[in-house]
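K.L.:
The file below is model.txt, compact mmCIF, C-alpha atoms and all ligand atoms:
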```
# COMPACT_ATOMS: atom_id res chain seq x y z
CA MET O 1 8.45 -8.78 -8.94
CA THR O 2 4.78 -9.65 -8.36
CA GLN O 3 3.30 -8.22 -5.21
CA ASN O 4 -0.04 -7.60 -3.58
CA SER O 5 -1.24 -4.18 -2.56
CA LEU O 6 -0.68 -3.17 1.04
CA LEU O 7 -1.63 -0.10 3.05
CA ILE O 8 0.81 0.53 5.90
CA THR O 9 0.10 3.41 8.27
CA PHE O 10 2.41 5.13 10.75
CA GLU O 11 0.74 6.62 13.81
CA GLY O 12 1.64 8.21 17.11
CA GLY O 13 1.82 11.38 19.14
CA GLU O 14 4.03 14.36 18.40
CA GLY O 15 7.80 13.78 18.19
CA SER O 16 7.44 10.01 18.34
CA GLY O 17 9.76 9.31 15.38
CA LYS O 18 7.14 7.90 12.99
CA THR O 19 8.02 10.20 10.06
CA THR O 20 11.71 9.25 10.18
CA GLN O 21 10.80 5.56 10.33
CA SER O 22 8.26 5.73 7.51
CA GLN O 23 10.96 7.29 5.30
CA ILE O 24 13.46 4.55 6.23
CA LEU O 25 10.92 1.82 5.43
CA TYR O 26 10.09 3.49 2.11
CA ASN O 27 13.78 3.70 1.12
CA THR O 28 14.46 0.09 2.12
CA LEU O 29 11.47 -1.38 0.28
CA LYS O 30 12.34 0.63 -2.82
CA GLU O 31 15.94 -0.62 -2.71
CA LYS O 32 14.61 -4.18 -2.47
CA GLY O 33 12.66 -3.63 -5.69
CA PHE O 34 9.12 -3.23 -4.35
CA GLU O 35 6.71 -0.79 -5.95
CA VAL O 36 6.06 1.53 -3.07
CA ILE O 37 4.82 5.08 -2.52
CA LYS O 38 5.03 7.27 0.55
CA THR O 39 2.36 9.81 1.36
CA ARG O 40 1.00 11.66 4.38
CA GLU O 41 -2.10 13.00 6.07
CA PRO O 42 -3.39 15.56 6.21
CA GLY O 43 -2.12 16.00 2.66
CA GLY O 44 -1.10 13.89 -0.29
CA THR O 45 -3.06 15.86 -2.92
CA LYS O 46 -3.05 19.52 -3.90
CA PHE O 47 -6.45 20.08 -2.26
CA ALA O 48 -5.58 18.14 0.90
CA GLU O 49 -2.30 20.04 1.29
CA ILE O 50 -4.27 23.32 1.27
CA ILE O 51 -6.51 21.95 4.04
CA ARG O 52 -3.36 20.83 5.87
CA GLU O 53 -2.10 24.40 6.03
CA ILE O 54 -5.36 25.51 7.65
CA LEU O 55 -5.30 22.64 10.15
CA VAL O 56 -1.71 22.57 11.35
CA GLN O 57 -0.81 26.25 11.47
CA GLY O 58 -1.95 29.14 13.63
CA GLU O 59 -3.54 29.42 17.03
CA SER O 60 -4.34 26.08 18.67
CA ASN O 61 -7.99 26.83 19.50
CA LYS O 62 -8.92 28.58 16.24
CA ILE O 63 -11.08 25.70 14.93
CA SER O 64 -13.85 23.86 16.77
CA ASN O 65 -13.39 20.11 17.27
CA ILE O 66 -16.22 19.18 14.94
CA SER O 67 -14.96 21.47 12.15
CA GLU O 68 -11.53 19.95 12.60
CA LEU O 69 -12.97 16.45 12.24
CA LEU O 70 -14.76 17.37 9.02
CA LEU O 71 -11.73 19.11 7.54
CA PHE O 72 -9.53 16.07 8.18
CA ALA O 73 -12.23 13.90 6.62
CA ALA O 74 -12.51 16.14 3.54
CA ALA O 75 -8.75 16.06 3.04
CA ARG O 76 -8.71 12.29 3.52
CA ALA O 77 -11.55 11.58 1.10
CA ASP O 78 -9.69 13.44 -1.65
CA HIS O 79 -6.42 11.68 -0.84
CA VAL O 80 -8.04 8.24 -0.76
CA GLN O 81 -9.94 8.75 -4.02
CA LYS O 82 -7.12 10.30 -6.04
CA VAL O 83 -4.00 8.61 -4.67
CA ILE O 84 -4.37 5.71 -2.24
CA LYS O 85 -7.11 3.79 -4.05
CA GLU O 86 -5.35 4.11 -7.41
CA CYS O 87 -2.05 2.87 -6.00
CA LEU O 88 -3.69 -0.07 -4.25
CA LYS O 89 -5.47 -0.94 -7.50
CA ASP O 90 -2.03 -1.08 -9.14
CA ASN O 91 -0.84 -3.50 -6.42
CA LYS O 92 1.52 -0.98 -4.88
CA ILE O 93 2.60 -0.77 -1.28
CA VAL O 94 1.33 2.51 0.18
CA ILE O 95 3.06 3.94 3.25
CA CYS O 96 0.98 6.66 4.84
CA ASP O 97 2.29 8.93 7.60
CA ARG O 98 -0.90 9.21 9.72
CA PHE O 99 -4.36 8.01 8.75
CA THR O 100 -7.74 7.33 10.38
CA ASP O 101 -6.30 6.36 13.79
CA SER O 102 -4.94 9.91 14.10
CA THR O 103 -8.48 11.23 13.79
CA LEU O 104 -9.76 8.82 16.41
CA ALA O 105 -6.89 9.61 18.81
CA TYR O 106 -6.75 13.40 18.29
CA GLN O 107 -10.33 14.49 17.50
CA GLY O 108 -12.00 11.60 19.33
CA TYR O 109 -10.06 10.70 22.47
CA ALA O 110 -8.32 14.07 22.95
CA GLY O 111 -10.92 16.35 21.33
CA ASN O 112 -13.72 14.64 23.28
CA LEU O 113 -15.88 13.97 20.22
CA ASP O 114 -18.07 10.89 20.39
CA LEU O 115 -15.89 7.94 19.32
CA ASP O 116 -18.64 6.27 17.30
CA LEU O 117 -19.25 9.51 15.43
CA VAL O 118 -15.54 9.80 14.60
CA LYS O 119 -15.44 6.16 13.46
CA GLU O 120 -18.43 6.77 11.21
CA VAL O 121 -16.88 9.89 9.66
CA ASN O 122 -13.64 7.93 9.15
CA ARG O 123 -15.59 5.17 7.45
CA ILE O 124 -17.30 7.65 5.11
CA SER O 125 -13.98 9.28 4.18
CA ILE O 126 -12.19 6.02 3.27
CA GLY O 127 -14.98 3.89 1.81
CA GLU O 128 -14.04 0.24 1.54
CA ILE O 129 -10.29 0.50 2.02
CA SER O 130 -8.55 0.01 5.38
CA PRO O 131 -4.98 -0.25 6.66
CA ASP O 132 -3.38 -3.72 6.59
CA LEU O 133 -0.63 -2.89 9.06
CA THR O 134 -0.30 0.01 11.50
CA PHE O 135 2.74 0.99 13.53
CA ILE O 136 1.80 3.05 16.57
CA PHE O 137 4.76 4.97 17.97
CA ASP O 138 4.54 5.45 21.70
CA ILE O 139 6.40 8.15 23.61
CA ASP O 140 5.89 10.13 26.81
CA PRO O 141 4.11 13.26 25.50
CA THR O 142 6.33 15.64 27.48
CA LEU O 143 9.40 14.25 25.75
CA GLY O 144 7.63 14.03 22.37
CA ILE O 145 6.48 17.65 22.45
CA GLU O 146 9.96 18.78 23.43
CA ARG O 147 11.39 16.90 20.45
CA ALA O 148 8.72 18.17 18.04
CA LEU O 149 8.98 21.82 19.06
CA GLY O 150 12.77 21.61 18.70
CA GLU O 151 12.34 20.79 14.99
CA ASN O 152 11.90 24.45 14.05
CA ASN O 153 8.78 24.34 11.88
CA LYS O 154 5.63 26.42 11.82
CA GLU O 155 3.24 23.46 11.90
CA THR O 156 2.80 23.61 15.64
CA ARG O 157 -0.94 24.12 16.11
CA PHE O 158 -1.40 20.70 17.74
CA GLU O 159 1.95 20.66 19.56
CA GLU O 160 0.83 23.83 21.37
CA LYS O 161 -2.28 22.24 22.85
CA ASP O 162 -1.95 21.52 26.57
CA ILE O 163 -0.25 18.42 27.95
CA MET O 164 -3.58 16.82 29.00
CA TYR O 165 -4.64 16.80 25.33
CA HIS O 166 -1.44 14.94 24.43
CA LYS O 167 -1.83 12.48 27.31
CA LYS O 168 -5.31 11.64 26.03
CA ILE O 169 -3.87 11.05 22.54
CA ARG O 170 -1.40 8.58 23.99
CA ASP O 171 -4.09 6.73 25.95
CA GLY O 172 -6.32 6.75 22.87
CA TYR O 173 -3.65 5.12 20.74
CA MET O 174 -3.17 2.41 23.37
CA ASP O 175 -6.92 1.69 23.25
CA ILE O 176 -6.82 1.56 19.45
CA ALA O 177 -3.90 -0.90 19.57
CA ARG O 178 -5.79 -3.04 22.08
CA ASP O 179 -8.96 -3.01 19.96
CA ASN O 180 -7.12 -3.90 16.73
CA PRO O 181 -4.44 -6.44 17.65
CA ASP O 182 -4.39 -7.98 14.16
CA ARG O 183 -3.15 -4.86 12.43
CA CYS O 184 -1.56 -2.67 15.12
CA VAL O 185 1.95 -2.96 16.51
CA VAL O 186 3.08 -0.60 19.27
CA ILE O 187 6.64 0.67 18.86
CA ASN O 188 8.60 2.21 21.72
CA GLY O 189 9.60 5.57 20.21
CA THR O 190 12.51 6.07 22.58
CA ILE O 191 14.66 3.13 21.52
CA ASP O 192 17.49 3.19 19.00
CA ILE O 193 16.50 4.23 15.41
CA GLU O 194 18.22 1.22 13.81
CA GLN O 195 16.62 -1.23 16.20
CA ILE O 196 13.19 0.21 15.40
CA SER O 197 13.71 0.19 11.63
CA LYS O 198 14.90 -3.44 11.74
CA LYS O 199 11.78 -4.51 13.60
CA ILE O 200 9.50 -2.54 11.27
CA LEU O 201 11.12 -4.06 8.18
CA GLU O 202 10.82 -7.57 9.62
CA LEU O 203 7.10 -7.14 10.39
CA THR O 204 6.45 -5.56 6.99
CA LEU O 205 8.18 -8.39 5.11
CA ASP O 206 6.15 -10.89 7.17
CA LYS O 207 2.98 -9.09 6.08
CA ILE O 208 4.08 -8.99 2.44
CA ASN O 209 4.74 -12.75 2.54
CA GLU O 210 1.48 -13.66 4.28
P1 LIG Y 301 2.18 15.49 11.48
O1 LIG Y 301 2.55 15.60 12.91
O2 LIG Y 301 2.30 14.10 11.02
O3 LIG Y 301 2.86 16.47 10.63
O4 LIG Y 301 0.57 15.76 11.38
C1 LIG Y 301 -0.01 17.01 11.44
C2 LIG Y 301 -0.87 17.23 12.65
O5 LIG Y 301 -2.23 16.90 12.39
C3 LIG Y 301 -0.46 16.44 13.88
O6 LIG Y 301 -0.33 17.37 14.93
C4 LIG Y 301 -1.63 15.53 14.15
C5 LIG Y 301 -2.79 16.18 13.47
N1 LIG Y 301 -3.82 15.26 12.93
C6 LIG Y 301 -5.06 15.17 13.57
O7 LIG Y 301 -5.29 15.84 14.57
N2 LIG Y 301 -6.02 14.37 13.02
C7 LIG Y 301 -5.82 13.64 11.87
O8 LIG Y 301 -6.72 12.92 11.41
C8 LIG Y 301 -4.51 13.73 11.24
C9 LIG Y 301 -4.25 12.93 10.00
C10 LIG Y 301 -3.55 14.55 11.81
```
Output the file's structure in the form of C-alpha cells.

P.N.:
Amino acid sequence: MTQNSLLITFEGGEGSGKTTQSQILYNTLKEKGFEVIKTREPGGTKFAEIIREILVQGESNKISNISELLLFAAARADHVQKVIKECLKDNKIVICDRFTDSTLAYQGYAGNLDLDLVKEVNRISIGEISPDLTFIFDIDPTLGIERALGENNKETRFEEKDIMYHKKIRDGYMDIARDNPDRCVVINGTIDIEQISKKILELTLDKINE
C-alpha cells in the first residue's frame, strides 16, 4: 500500500481517555495494512524515558515551571530527531500520545509561563515538523483526575496539582482548538468508547485520503 506520512497527536487533560483511543486507532490502522507506529511524550527514546521518570514522578512542586518546560523540550527534541522524523521520512503514520500542545496547555496556560515563550521553545524542539491532525480529549477535570488516580500508577506528579491547575489546562486546550481549527478536533471524553473510536477512525481515514 502506498501512503503519505502523517503525524497524529492525542491530547487532553488527565483521565480523558486519549491513551486508550490512541491504542485503538493504532491497532485498527495496523489491521487495515497501514505502516503505523505508536509513541508517547514525554518518552519514545531511551533518553526521553529517563527524563519522563523525573518529570512525572515525585512531589508535584519539585521542579520550577521553566525547568519543566526545558526538560519536556529536551525529551521532545531527542524523540523528534531519533524517532518521529525518521518514521515520517519513511512515509509512516506516527501516532503520538501527547505532543507540543501538552506543553502549551500544561506549562503555558496552567504553569503561567509566557505563551509566546512556550511556543518558541516548542518550535525549537520540533524543527520543521508539525502535527497534521490532533484529537483533543475534553473532560471535566474533577472527573478526569478521579479516573486517572484510580488507575493505580506512580506517575501522579501532575494529577496531584490542584484543581485550578487542571481547569486552566482544560481552558488552554479549548483555546488551542479554537486557534488551530484545521488540525484540531475536540472529542468529548465522556461518551462511549466505541462511538469515539469510530469517529476518530473516520476523521483519520479522511485525512489519509486528502
Ligand atoms: P501522560 O498523562 O500522557 O502519561 O503524560 C505524562 C504527564 O506529563 C501528564 O501529566 C502531562 C504532562 N506533560 C506536560 O506537562 N507537558 C508536556 O509537554 C507533556 C508531553 C506532558

K.L.:
Quick one: contact table of chain O to ligand LIG 301 (chain Y), 8 Å max, nearest atom pair and distance in Å to one decimal per residue, counting all atoms listed in the file, chain and number order, as JSON lines?

P.N.:
```
{"residue": "O:Gly13", "atom": "CA", "partner": "Y:LIG301", "partner_atom": "C4", "distance": 7.4}
{"residue": "O:Glu14", "atom": "CA", "partner": "Y:LIG301", "partner_atom": "O1", "distance": 5.8}
{"residue": "O:Gly15", "atom": "CA", "partner": "Y:LIG301", "partner_atom": "O1", "distance": 7.7}
{"residue": "O:Thr19", "atom": "CA", "partner": "Y:LIG301", "partner_atom": "O2", "distance": 7.0}
{"residue": "O:Arg40", "atom": "CA", "partner": "Y:LIG301", "partner_atom": "O2", "distance": 7.2}
{"residue": "O:Glu41", "atom": "CA", "partner": "Y:LIG301", "partner_atom": "C9", "distance": 4.5}
{"residue": "O:Pro42", "atom": "CA", "partner": "Y:LIG301", "partner_atom": "C9", "distance": 4.7}
{"residue": "O:Arg52", "atom": "CA", "partner": "Y:LIG301", "partner_atom": "C1", "distance": 7.5}
{"residue": "O:Leu55", "atom": "CA", "partner": "Y:LIG301", "partner_atom": "O5", "distance": 6.9}
{"residue": "O:Val56", "atom": "CA", "partner": "Y:LIG301", "partner_atom": "C2", "distance": 5.6}
{"residue": "O:Glu68", "atom": "CA", "partner": "Y:LIG301", "partner_atom": "O7", "distance": 7.7}
{"residue": "O:Leu69", "atom": "CA", "partner": "Y:LIG301", "partner_atom": "O8", "distance": 7.2}
{"residue": "O:Phe72", "atom": "CA", "partner": "Y:LIG301", "partner_atom": "O8", "distance": 5.3}
{"residue": "O:Ala73", "atom": "CA", "partner": "Y:LIG301", "partner_atom": "O8", "distance": 7.4}
{"residue": "O:Arg76", "atom": "CA", "partner": "Y:LIG301", "partner_atom": "C9", "distance": 7.9}
{"residue": "O:Asp97", "atom": "CA", "partner": "Y:LIG301", "partner_atom": "O2", "distance": 6.2}
{"residue": "O:Arg98", "atom": "CA", "partner": "Y:LIG301", "partner_atom": "C9", "distance": 5.0}
{"residue": "O:Phe99", "atom": "CA", "partner": "Y:LIG301", "partner_atom": "C9", "distance": 5.1}
{"residue": "O:Thr100", "atom": "CA", "partner": "Y:LIG301", "partner_atom": "O8", "distance": 5.8}
{"residue": "O:Asp101", "atom": "CA", "partner": "Y:LIG301", "partner_atom": "O8", "distance": 7.0}
{"residue": "O:Ser102", "atom": "CA", "partner": "Y:LIG301", "partner_atom": "O8", "distance": 4.4}
{"residue": "O:Thr103", "atom": "CA", "partner": "Y:LIG301", "partner_atom": "O8", "distance": 3.4}
{"residue": "O:Leu104", "atom": "CA", "partner": "Y:LIG301", "partner_atom": "O8", "distance": 7.1}
{"residue": "O:Ala105", "atom": "CA", "partner": "Y:LIG301", "partner_atom": "N2", "distance": 7.5}
{"residue": "O:Tyr106", "atom": "CA", "partner": "Y:LIG301", "partner_atom": "O7", "distance": 4.7}
{"residue": "O:Gln107", "atom": "CA", "partner": "Y:LIG301", "partner_atom": "O7", "distance": 6.0}
{"residue": "O:Glu155", "atom": "CA", "partner": "Y:LIG301", "partner_atom": "O3", "distance": 7.1}
{"residue": "O:Thr156", "atom": "CA", "partner": "Y:LIG301", "partner_atom": "O6", "distance": 7.0}
{"residue": "O:Arg157", "atom": "CA", "partner": "Y:LIG301", "partner_atom": "O6", "distance": 6.9}
{"residue": "O:Phe158", "atom": "CA", "partner": "Y:LIG301", "partner_atom": "O6", "distance": 4.5}
{"residue": "O:Glu159", "atom": "CA", "partner": "Y:LIG301", "partner_atom": "O6", "distance": 6.1}
```

K.L.:
Interatomic distance between CA of Ala75 in chain O and CA of Glu49 in chain O?

P.N.:
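Between CA of Ala75 in chain O and CA of Glu49 in chain O the gap works out to 7.8 Å.
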
K.L.:
If I take CA of Asp90 in chain O and CA of Phe137 in chain O, how far is one from the other in Å, to one decimal?

P.N.:
28.6 Å

K.L.:
I'd like to know which of O:Gly111, O:Gly33, O:Ser125, O:Asn91 is closest to Asp78 in chain O, using all atoms listed in the file.

P.N.:
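Looking only at the distances to Asp78 in chain O, the closest residue turns out to be O:Ser125.
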
K.L.:
Every residue with an atom at most 9 Å from (-1.3, 1.1, 4.2) (file coordinates; only C-alpha atoms) is what I'm after, so could you write them as JSON, numbers by chain?

P.N.:
{"O": [5, 6, 7, 8, 9, 10, 84, 88, 93, 94, 95, 96, 99, 130, 131, 132, 133, 134]}

K.L.:
Using the selection just defined, write its residues with C-alpha atoms as a JSON list (two decimals), in the frame of the given file.

P.N.:
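Final output, saved to out31.json:
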```
[["chain", "number", "residue", "atom", "x", "y", "z"],
["O", 5, "SER", "CA", -1.24, -4.18, -2.56],
["O", 6, "LEU", "CA", -0.68, -3.17, 1.04],
["O", 7, "LEU", "CA", -1.63, -0.10, 3.05],
["O", 8, "ILE", "CA", 0.81, 0.53, 5.90],
["O", 9, "THR", "CA", 0.10, 3.41, 8.27],
["O", 10, "PHE", "CA", 2.41, 5.13, 10.75],
["O", 84, "ILE", "CA", -4.37, 5.71, -2.24],
["O", 88, "LEU", "CA", -3.69, -0.07, -4.25],
["O", 93, "ILE", "CA", 2.60, -0.77, -1.28],
["O", 94, "VAL", "CA", 1.33, 2.51, 0.18],
["O", 95, "ILE", "CA", 3.06, 3.94, 3.25],
["O", 96, "CYS", "CA", 0.98, 6.66, 4.84],
["O", 99, "PHE", "CA", -4.36, 8.01, 8.75],
["O", 130, "SER", "CA", -8.55, 0.01, 5.38],
["O", 131, "PRO", "CA", -4.98, -0.25, 6.66],
["O", 132, "ASP", "CA", -3.38, -3.72, 6.59],
["O", 133, "LEU", "CA", -0.63, -2.89, 9.06],
["O", 134, "THR", "CA", -0.30, 0.01, 11.50]]
```

K.L.:
Please indicate the distance in Å from CA of Gly12 in chain O to CA of Ile136 in chain O, rounded to one decimal place.

P.N.:
5.2 Å

K.L.:
Of the candidates O:Asp192, O:Asp171, O:Glu86, O:Glu11, which one gets nearest to Asp140 in chain O if we count only C-alpha atoms?

P.N.:
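Among the listed residues, O:Asp171 lies closest to Asp140 in chain O.
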
K.L.:
Which one is closest to Leu149 in chain O: O:Asp179, O:Tyr26, O:Lys161, O:Lys85? Count all atoms listed in the file.

P.N.:
O:Lys161

K.L.:
Which one is closest to Val36 in chain O: O:Asn180, O:Thr20, O:Asn188, O:Asn4? Count all atoms listed in the file.

P.N.:
O:Asn4

K.L.:
Measuring atom to atom with all atoms listed in the file, identify which of O:Gly189, O:Asn27, O:Asn65, O:Lys198 is nearest to Arg147 in chain O.

P.N.:
O:Gly189

K.L.:
Taking into account only C-alpha atoms, which residue in the set O:Ser16, O:Gln21, O:Gln81, O:Thr28 is nearest to Gly44 in chain O?

P.N.:
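Result for the nearest residue to Gly44 in chain O: O:Gln81.
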
K.L.:
Would you be able to write out as an MDAnalysis selection string which residues have an atom within 6 Å of (7.8, 7.4, 1.3) in the file's coordinates, counting all atoms listed in the file?

P.N.:
chainID O and resid 23 26 37:39
